[in-house]
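Containing mmCIF, C-alpha atoms: structure32.cif.
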data_data
loop_
_atom_site.label_atom_id
_atom_site.label_comp_id
_atom_site.auth_asym_id
_atom_site.auth_seq_id
_atom_site.Cartn_x
_atom_site.Cartn_y
_atom_site.Cartn_z
CA MET A 206 221.65 254.51 -74.82
CA PRO A 207 222.71 256.66 -77.78
CA VAL A 208 219.92 257.28 -80.29
CA LYS A 209 220.88 256.24 -83.81
CA THR A 210 217.62 255.04 -85.36
CA ILE A 211 214.34 256.93 -84.93
CA GLY A 212 211.07 255.20 -85.71
CA ILE A 213 208.26 257.50 -86.82
CA LEU A 214 204.68 256.26 -86.96
CA GLY A 215 202.48 258.32 -89.26
CA ALA A 216 203.50 259.70 -92.66
CA GLY A 217 201.13 262.66 -92.76
CA SER A 218 202.31 266.25 -92.94
CA MET A 219 203.85 266.14 -89.45
CA GLY A 220 205.32 262.65 -89.67
CA ARG A 221 206.98 263.23 -93.03
CA GLY A 222 208.34 266.59 -91.84
CA ILE A 223 209.83 265.00 -88.72
CA ALA A 224 211.30 262.20 -90.83
CA GLN A 225 212.95 264.73 -93.14
CA LEU A 226 214.28 266.67 -90.16
CA ALA A 227 215.64 263.57 -88.42
CA ALA A 228 217.36 262.33 -91.58
CA GLN A 229 218.83 265.78 -92.24
CA SER A 230 220.20 265.68 -88.69
CA GLY A 231 222.05 262.42 -89.34
CA PHE A 232 219.66 259.93 -87.77
CA GLU A 233 218.62 256.73 -89.48
CA VAL A 234 214.83 256.82 -89.86
CA ILE A 235 212.11 254.20 -90.15
CA LEU A 236 208.97 255.94 -91.49
CA SER A 237 205.90 253.75 -91.12
CA ASP A 238 202.19 254.06 -91.84
CA LEU A 239 199.28 251.76 -92.64
CA THR A 240 200.53 251.04 -96.18
CA LEU A 241 203.73 251.51 -98.15
CA ASP A 242 201.79 253.60 -100.70
CA ILE A 243 201.15 256.25 -98.04
CA VAL A 244 204.83 256.30 -97.09
CA GLU A 245 205.98 256.46 -100.70
CA ARG A 246 203.76 259.50 -101.32
CA ALA A 247 205.20 261.09 -98.19
CA LEU A 248 208.74 260.50 -99.40
CA GLU A 249 207.92 262.06 -102.76
CA ASP A 250 206.93 265.18 -100.86
CA VAL A 251 210.15 265.05 -98.81
CA LYS A 252 212.12 264.74 -102.04
CA LYS A 253 210.39 267.86 -103.42
CA GLN A 254 211.18 269.82 -100.26
CA LEU A 255 214.84 268.80 -100.42
CA SER A 256 215.00 269.57 -104.15
CA ARG A 257 213.96 273.16 -103.38
CA LEU A 258 216.88 273.41 -100.95
CA VAL A 259 219.23 272.10 -103.64
CA GLU A 260 217.88 274.66 -106.14
CA LYS A 261 218.48 277.45 -103.61
CA GLY A 262 222.04 276.25 -103.02
CA LYS A 263 221.34 275.34 -99.39
CA MET A 264 222.42 271.72 -99.89
CA THR A 265 224.08 269.64 -102.59
CA GLN A 266 222.56 266.89 -104.69
CA ALA A 267 224.78 264.44 -102.81
CA ASP A 268 223.36 265.71 -99.51
CA GLN A 269 219.83 265.19 -100.76
CA GLU A 270 220.56 261.63 -101.85
CA ALA A 271 222.22 260.83 -98.53
CA ILE A 272 219.26 262.19 -96.56
CA LEU A 273 216.74 260.18 -98.58
CA ALA A 274 218.90 257.07 -98.20
CA ARG A 275 218.63 257.38 -94.42
CA ILE A 276 214.82 257.07 -94.54
CA LYS A 277 213.56 253.49 -94.66
CA LYS A 278 210.02 252.96 -95.93
CA ALA A 279 207.88 250.63 -93.81
CA SER A 280 204.32 249.69 -92.92
CA GLY A 281 202.75 248.46 -89.70
CA LEU A 282 203.79 248.84 -86.08
CA GLU A 283 206.06 245.80 -86.19
CA SER A 284 208.43 247.64 -88.52
CA LEU A 285 209.37 250.00 -85.67
CA ALA A 286 210.79 247.25 -83.44
CA PRO A 287 214.44 247.93 -84.51
CA ALA A 288 214.21 251.64 -83.57
CA ASP A 289 215.91 252.89 -80.41
CA PHE A 290 213.63 255.96 -80.13
CA VAL A 291 210.02 256.25 -81.34
CA ILE A 292 207.92 259.28 -82.29
CA GLU A 293 204.19 258.67 -82.81
CA ALA A 294 202.65 261.22 -85.20
CA VAL A 295 199.15 259.96 -86.03
CA PHE A 296 195.80 261.79 -85.93
CA GLU A 297 194.72 263.39 -82.64
CA ASP A 298 192.59 260.52 -81.34
CA GLU A 299 193.30 259.54 -77.74
CA ASN A 300 191.93 255.99 -77.98
CA LEU A 301 193.91 255.32 -81.15
CA LYS A 302 197.09 256.64 -79.57
CA LYS A 303 196.58 254.54 -76.42
CA GLU A 304 196.19 251.42 -78.57
CA ILE A 305 199.36 252.30 -80.47
CA PHE A 306 201.39 252.87 -77.30
CA GLN A 307 200.18 249.61 -75.83
CA LYS A 308 201.35 247.75 -78.94
CA LEU A 309 204.64 249.65 -79.18
CA ASP A 310 205.33 248.74 -75.56
CA SER A 311 205.17 245.05 -76.43
CA LEU A 312 207.19 245.42 -79.64
CA CYS A 313 210.06 247.72 -78.65
CA PRO A 314 212.97 246.77 -76.37
CA PRO A 315 212.42 247.88 -72.75
CA GLU A 316 215.03 250.66 -72.89
CA VAL A 317 213.40 252.44 -75.85
CA ILE A 318 211.78 255.83 -75.21
CA LEU A 319 208.29 256.24 -76.67
CA THR A 320 207.15 259.78 -77.52
CA SER A 321 204.06 261.37 -79.00
CA ASN A 322 203.85 264.39 -81.27
CA THR A 323 200.40 265.14 -79.84
CA SER A 324 199.50 268.81 -79.59
CA SER A 325 197.19 268.45 -76.60
CA ILE A 326 196.40 264.87 -75.48
CA SER A 327 197.53 263.77 -72.02
CA ILE A 328 200.94 262.10 -71.97
CA THR A 329 200.03 260.54 -68.62
CA ALA A 330 197.06 258.79 -70.25
CA LEU A 331 199.21 257.47 -73.12
CA ALA A 332 201.92 256.32 -70.71
CA ALA A 333 199.36 254.43 -68.62
CA ALA A 334 198.71 252.18 -71.63
CA THR A 335 202.30 250.92 -71.38
CA GLY A 336 204.45 249.10 -68.86
CA ARG A 337 207.13 251.80 -69.12
CA PRO A 338 205.47 255.11 -68.06
CA ALA A 339 208.83 256.53 -66.94
CA GLN A 340 210.02 256.27 -70.56
CA VAL A 341 207.05 257.96 -72.22
CA ALA A 342 207.06 261.68 -73.04
CA GLY A 343 205.53 264.22 -75.37
CA MET A 344 207.68 265.55 -78.21
CA HIS A 345 205.53 268.18 -79.88
CA PHE A 346 206.93 269.59 -83.12
CA PHE A 347 205.34 272.46 -85.02
CA ASN A 348 204.35 272.55 -88.68
CA PRO A 349 206.44 272.57 -90.84
CA ALA A 350 208.75 270.52 -88.63
CA PRO A 351 211.95 271.14 -90.65
CA VAL A 352 211.48 274.92 -90.30
CA MET A 353 209.82 275.67 -86.97
CA ARG A 354 212.41 276.00 -84.22
CA LEU A 355 210.47 274.93 -81.13
CA VAL A 356 209.84 271.48 -79.65
CA GLU A 357 207.69 271.09 -76.54
CA VAL A 358 208.99 268.22 -74.38
CA ILE A 359 206.12 267.20 -72.12
CA ARG A 360 206.32 265.25 -68.89
CA GLY A 361 203.71 262.67 -68.04
CA TYR A 362 203.02 262.12 -64.34
CA LEU A 363 205.66 259.37 -64.16
CA THR A 364 208.10 260.52 -66.86
CA SER A 365 211.66 260.28 -65.51
CA ASP A 366 214.26 263.06 -65.50
CA ALA A 367 216.48 260.81 -67.64
CA THR A 368 213.75 260.48 -70.28
CA VAL A 369 213.18 264.24 -70.41
CA ALA A 370 216.93 264.83 -70.75
CA ALA A 371 217.19 262.24 -73.55
CA VAL A 372 214.25 263.68 -75.50
CA MET A 373 215.63 267.20 -75.18
CA GLU A 374 219.01 265.99 -76.41
CA VAL A 375 217.41 264.41 -79.50
CA ALA A 376 215.60 267.71 -80.16
CA ARG A 377 218.87 269.64 -79.88
CA LYS A 378 220.58 267.25 -82.30
CA MET A 379 217.79 268.18 -84.72
CA ASN A 380 218.83 271.83 -84.24
CA LYS A 381 215.61 272.63 -82.36
CA THR A 382 215.11 274.63 -79.19
CA PRO A 383 213.27 272.42 -76.69
CA ILE A 384 211.28 273.67 -73.73
CA GLU A 385 210.20 271.47 -70.83
CA VAL A 386 206.48 271.37 -70.11
CA LYS A 387 206.71 270.41 -66.45
CA LYS A 388 203.04 269.61 -65.95
CA ASP A 389 200.85 267.49 -68.21
CA SER A 390 198.22 270.18 -68.78
CA PRO A 391 195.79 270.09 -71.76
CA GLY A 392 197.11 272.11 -74.70
CA PHE A 393 200.55 272.35 -73.07
CA VAL A 394 202.02 275.85 -73.60
CA VAL A 395 201.76 277.00 -77.21
CA ASN A 396 198.34 275.59 -78.10
CA ARG A 397 196.76 276.82 -74.91
CA ILE A 398 197.87 280.36 -75.74
CA MET A 399 197.19 280.05 -79.46
CA LEU A 400 193.68 278.60 -79.12
CA ALA A 401 192.66 281.39 -76.77
CA GLN A 402 193.74 283.82 -79.50
CA PHE A 403 191.78 281.86 -82.11
CA ILE A 404 188.61 282.13 -80.02
CA GLU A 405 189.04 285.88 -79.53
CA ALA A 406 189.67 286.38 -83.27
CA ILE A 407 186.48 284.47 -84.14
CA LYS A 408 184.51 286.45 -81.54
CA LEU A 409 185.74 289.71 -83.09
CA LEU A 410 184.48 288.46 -86.45
CA GLU A 411 181.12 287.29 -85.08
CA GLU A 412 180.60 290.60 -83.26
CA GLY A 413 181.25 292.51 -86.49
CA VAL A 414 184.25 294.34 -85.05
CA ALA A 415 186.42 293.65 -88.10
CA SER A 416 186.66 291.41 -91.17
CA ILE A 417 188.69 288.21 -91.43
CA GLU A 418 191.22 289.99 -93.65
CA ASP A 419 191.59 292.97 -91.31
CA ILE A 420 191.90 290.83 -88.19
CA ASP A 421 194.68 288.84 -89.87
CA THR A 422 196.39 292.06 -90.98
CA ALA A 423 196.11 293.56 -87.50
CA VAL A 424 197.71 290.53 -85.85
CA LYS A 425 200.51 290.27 -88.43
CA LEU A 426 201.43 293.93 -88.35
CA GLY A 427 200.51 294.74 -84.76
CA LEU A 428 201.96 291.63 -83.09
CA ASN A 429 204.57 290.83 -85.74
CA TYR A 430 203.19 287.31 -86.33
CA PRO A 431 204.02 285.62 -89.66
CA MET A 432 200.36 284.60 -90.11
CA GLY A 433 197.07 285.94 -88.86
CA PRO A 434 194.79 283.62 -86.82
CA PHE A 435 192.45 282.77 -89.71
CA GLU A 436 195.35 282.11 -92.07
CA LEU A 437 196.96 279.88 -89.45
CA MET A 438 193.76 277.93 -88.81
CA ASP A 439 193.44 277.27 -92.54
CA PHE A 440 197.10 276.27 -92.80
CA THR A 441 197.06 273.79 -89.90
CA GLY A 442 193.53 272.53 -90.53
CA VAL A 443 190.30 274.05 -89.23
CA ASP A 444 189.27 270.60 -87.94
CA ILE A 445 192.46 270.28 -85.87
CA GLY A 446 191.68 273.48 -83.97
CA TYR A 447 188.05 272.41 -83.58
CA HIS A 448 188.90 268.99 -82.12
CA THR A 449 191.54 270.48 -79.82
CA LEU A 450 189.09 273.06 -78.48
CA ASN A 451 186.57 270.29 -77.78
CA TYR A 452 189.29 268.38 -75.94
CA LEU A 453 190.22 271.41 -73.80
CA CYS A 454 186.56 272.08 -73.08
CA GLU A 455 186.10 268.51 -71.87
CA GLU A 456 189.32 268.43 -69.84
CA PHE A 457 189.01 271.83 -68.16
CA LYS A 458 185.20 271.73 -67.87
CA GLU A 459 185.20 275.42 -68.78
CA GLY A 460 182.84 276.97 -71.34
CA ARG A 461 185.48 279.47 -72.47
CA TRP A 462 187.03 276.68 -74.59
CA ASN A 463 183.79 275.83 -76.39
CA PRO A 464 184.28 276.17 -80.18
CA PRO A 465 182.51 279.31 -81.49
CA VAL A 466 179.44 278.90 -83.73
CA SER A 467 181.27 280.14 -86.86
CA LEU A 468 183.92 277.47 -86.41
CA LYS A 469 181.30 274.75 -85.99
CA LEU A 470 179.59 275.89 -89.19
CA LEU A 471 182.83 275.64 -91.15
CA ILE A 472 183.26 272.05 -89.97
CA LYS A 473 179.69 271.18 -90.98
CA ALA A 474 180.30 272.74 -94.40
CA GLY A 475 183.46 270.66 -94.89
CA ARG A 476 185.62 273.78 -95.15
CA LEU A 477 188.65 272.43 -93.31
CA GLY A 478 191.30 274.80 -94.65
CA LYS A 479 193.86 274.65 -97.43
CA LYS A 480 193.75 270.85 -97.56
CA THR A 481 190.12 270.97 -98.76
CA GLY A 482 190.48 274.10 -100.89
CA ALA A 483 188.44 276.26 -98.52
CA GLY A 484 188.33 277.26 -94.87
CA TRP A 485 187.98 280.80 -93.59
CA TYR A 486 189.36 281.73 -97.04
CA ASP A 487 188.73 280.24 -100.49
CA TYR A 488 191.81 278.75 -102.15
CA GLU A 489 190.58 276.96 -105.29
CA LYS A 490 190.07 280.31 -107.02
CA ASN A 491 193.76 281.18 -106.66
#
Would you put the structure from the file into structure tokens?
Amino acid sequence: MPVKTIGILGAGSMGRGIAQLAAQSGFEVILSDLTLDIVERALEDVKKQLSRLVEKGKMTQADQEAILARIKKASGLESLAPADFVIEAVFEDENLKKEIFQKLDSLCPPEVILTSNTSSISITALAAATGRPAQVAGMHFFNPAPVMRLVEVIRGYLTSDATVAAVMEVARKMNKTPIEVKKDSPGFVVNRIMLAQFIEAIKLLEEGVASIEDIDTAVKLGLNYPMGPFELMDFTGVDIGYHTLNYLCEEFKEGRWNPPVSLKLLIKAGRLGKKTGAGWYDYEKN
């Protein structure tokens, strides 16, 4: 079945970015969250992002208006029933996601593929909450979704070859490069590598080997990364990395994934990164 309308649940930073990307790629989009107010704020942000592209001459005003017209504001799970492809992009809470997939399964036509933008949670577990496990897959975008080129397409234990092919085709139509994660392993590919680097960076700091600033500089200039590990943690959310490490620690039963003490202290202090004005760095002063 050709995908024309994509339903996106969750209008946070990832959900709104995916909605913008899908609409820019020609798809009709239903963007839904708990309330219309949340979605309207998300669309204001999308409008600002598109306006910057217009100012830079990368798209016309007419293009911007057409993209925004393809995004339908909605609230509640029921609003996603008309979609022929669904991307869930809510907070990383396994029980919440299972509940959502169970409800989507009863609302969406049987041929509809259900995907999750989860960065680490088991696709097999989410699929088990539905009656269509062969049509459930992971579709992990990276922040900011309109810019980052990669999409991880993750198989659950029962995900069909046809579903993987369809999800990868949607990703390609969004001008992304998809990779297939063949085994439903915690953290998938990118986060498993990235979180190991986060832990080592924090250990270097705790051992007094180098400062936050110098570790970030070393990684950017020595490994040619656009951001250092501490900058990246602040950008994506210190709490996101913390919760993901806890999840990996629980799933793998290995102490090497246990969040370092410095990270735990940041969480206790409410320093969750740029979104709170402070993380590893202070931002309110700037």
Range 207-219 of chain A: axis-aligned bounding box, 6 Å on each side, centre and edge lengths in Å, one decimal, as lines of an AutoDock Vina configuration file:
center_x = 211.9
center_y = 260.6
center_z = -85.4
size_x = 33.6
size_y = 23.2
size_z = 27.2
So what does the PyMOL selection byres ((chain A and resi 222) around 8) actually pick up in this one, as an mmCIF file with C-alpha atoms, keeping the file's coordinate frame?
data_model
loop_
_atom_site.group_PDB
_atom_site.id
_atom_site.type_symbol
_atom_site.label_atom_id
_atom_site.label_comp_id
_atom_site.auth_asym_id
_atom_site.auth_seq_id
_atom_site.Cartn_x
_atom_site.Cartn_y
_atom_site.Cartn_z
ATOM 1 C CA SER A 218 202.310 266.250 -92.940
ATOM 2 C CA MET A 219 203.850 266.140 -89.450
ATOM 3 C CA GLY A 220 205.320 262.650 -89.670
ATOM 4 C CA ARG A 221 206.980 263.230 -93.030
ATOM 5 C CA ILE A 223 209.830 265.000 -88.720
ATOM 6 C CA ALA A 224 211.300 262.200 -90.830
ATOM 7 C CA GLN A 225 212.950 264.730 -93.140
ATOM 8 C CA LEU A 226 214.280 266.670 -90.160
ATOM 9 C CA VAL A 251 210.150 265.050 -98.810
ATOM 10 C CA ASN A 348 204.350 272.550 -88.680
ATOM 11 C CA PRO A 349 206.440 272.570 -90.840
ATOM 12 C CA ALA A 350 208.750 270.520 -88.630
ATOM 13 C CA PRO A 351 211.950 271.140 -90.650
#
| field | Selection result for the PyMOL selection byres ((chain A and resi 293) around 6) on this file, as a PyMOL selection string | value | chain A and resi 213-214+292+294+321-322
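Among the candidates A:Lys252, A:Arg476, A:His345, A:Arg257, the residue lying nearest to Asp444 in chain A is A:Arg476 (atoms considered: only C-alpha atoms).
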Per residue of range 302-409 of chain A within 12 Å of range 281-286 of chain A, note the shortest atom pair and the distance in Å to one decimal, counting only C-alpha atoms, and order the rows by chain and increasing residue number, as a tab-separated table.
residue	atom	partner	partner_atom	distance
A:Glu304	CA	A:Leu282	CA	11.0
A:Ile305	CA	A:Leu282	CA	7.9
A:Phe306	CA	A:Leu282	CA	10.0
A:Gln307	CA	A:Leu282	CA	10.9
A:Lys308	CA	A:Leu282	CA	7.6
A:Leu309	CA	A:Leu282	CA	7.0
A:Asp310	CA	A:Ala286	CA	9.7
A:Ser311	CA	A:Ala286	CA	9.3
A:Leu312	CA	A:Ala286	CA	5.5
A:Cys313	CA	A:Ala286	CA	4.9
A:Pro314	CA	A:Ala286	CA	7.4
A:Pro315	CA	A:Ala286	CA	10.8
A:Glu316	CA	A:Ala286	CA	11.9
A:Val317	CA	A:Ala286	CA	9.6
A:Ile318	CA	A:Ala286	CA	11.9
A:Leu319	CA	A:Leu285	CA	11.0
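Protein, DNA and RNA residues at most 9 Å from (206.1, 263.1, -69.1), with only C-alpha atoms, are these: Ile328, Thr329, Ala332, Pro338, Ala339, Gln340, Val341, Ala342, Gly343, Val358, Ile359, Arg360, Gly361, Tyr362, Leu363, Thr364, Ser365, Asp366, Thr368, Val369, Val386, Lys387, Lys388 and Asp389 of chain A.
Straight-line separation from CA of Lys381 in chain A to CA of Thr323 in chain A: 17.1 Å.
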Counting only C-alpha atoms, which residues come within 6 Å of (212.4, 276.2, -81.1), with the point read in the file's coordinates, and could you list them as a PDB file with C-alpha atoms, in the frame of the given file?
ATOM      1  CA  ARG A 354     212.410 276.000 -84.220  1.00  0.00           C
ATOM      2  CA  LEU A 355     210.470 274.930 -81.130  1.00  0.00           C
ATOM      3  CA  VAL A 356     209.840 271.480 -79.650  1.00  0.00           C
ATOM      4  CA  LYS A 381     215.610 272.630 -82.360  1.00  0.00           C
ATOM      5  CA  THR A 382     215.110 274.630 -79.190  1.00  0.00           C
ATOM      6  CA  PRO A 383     213.270 272.420 -76.690  1.00  0.00           C
TER       7      PRO A 383
END
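Nearest residue to Ile272 in chain A among A:Leu255, A:Ala370, A:Leu477, A:Val244 is A:Leu255, counting only C-alpha atoms.
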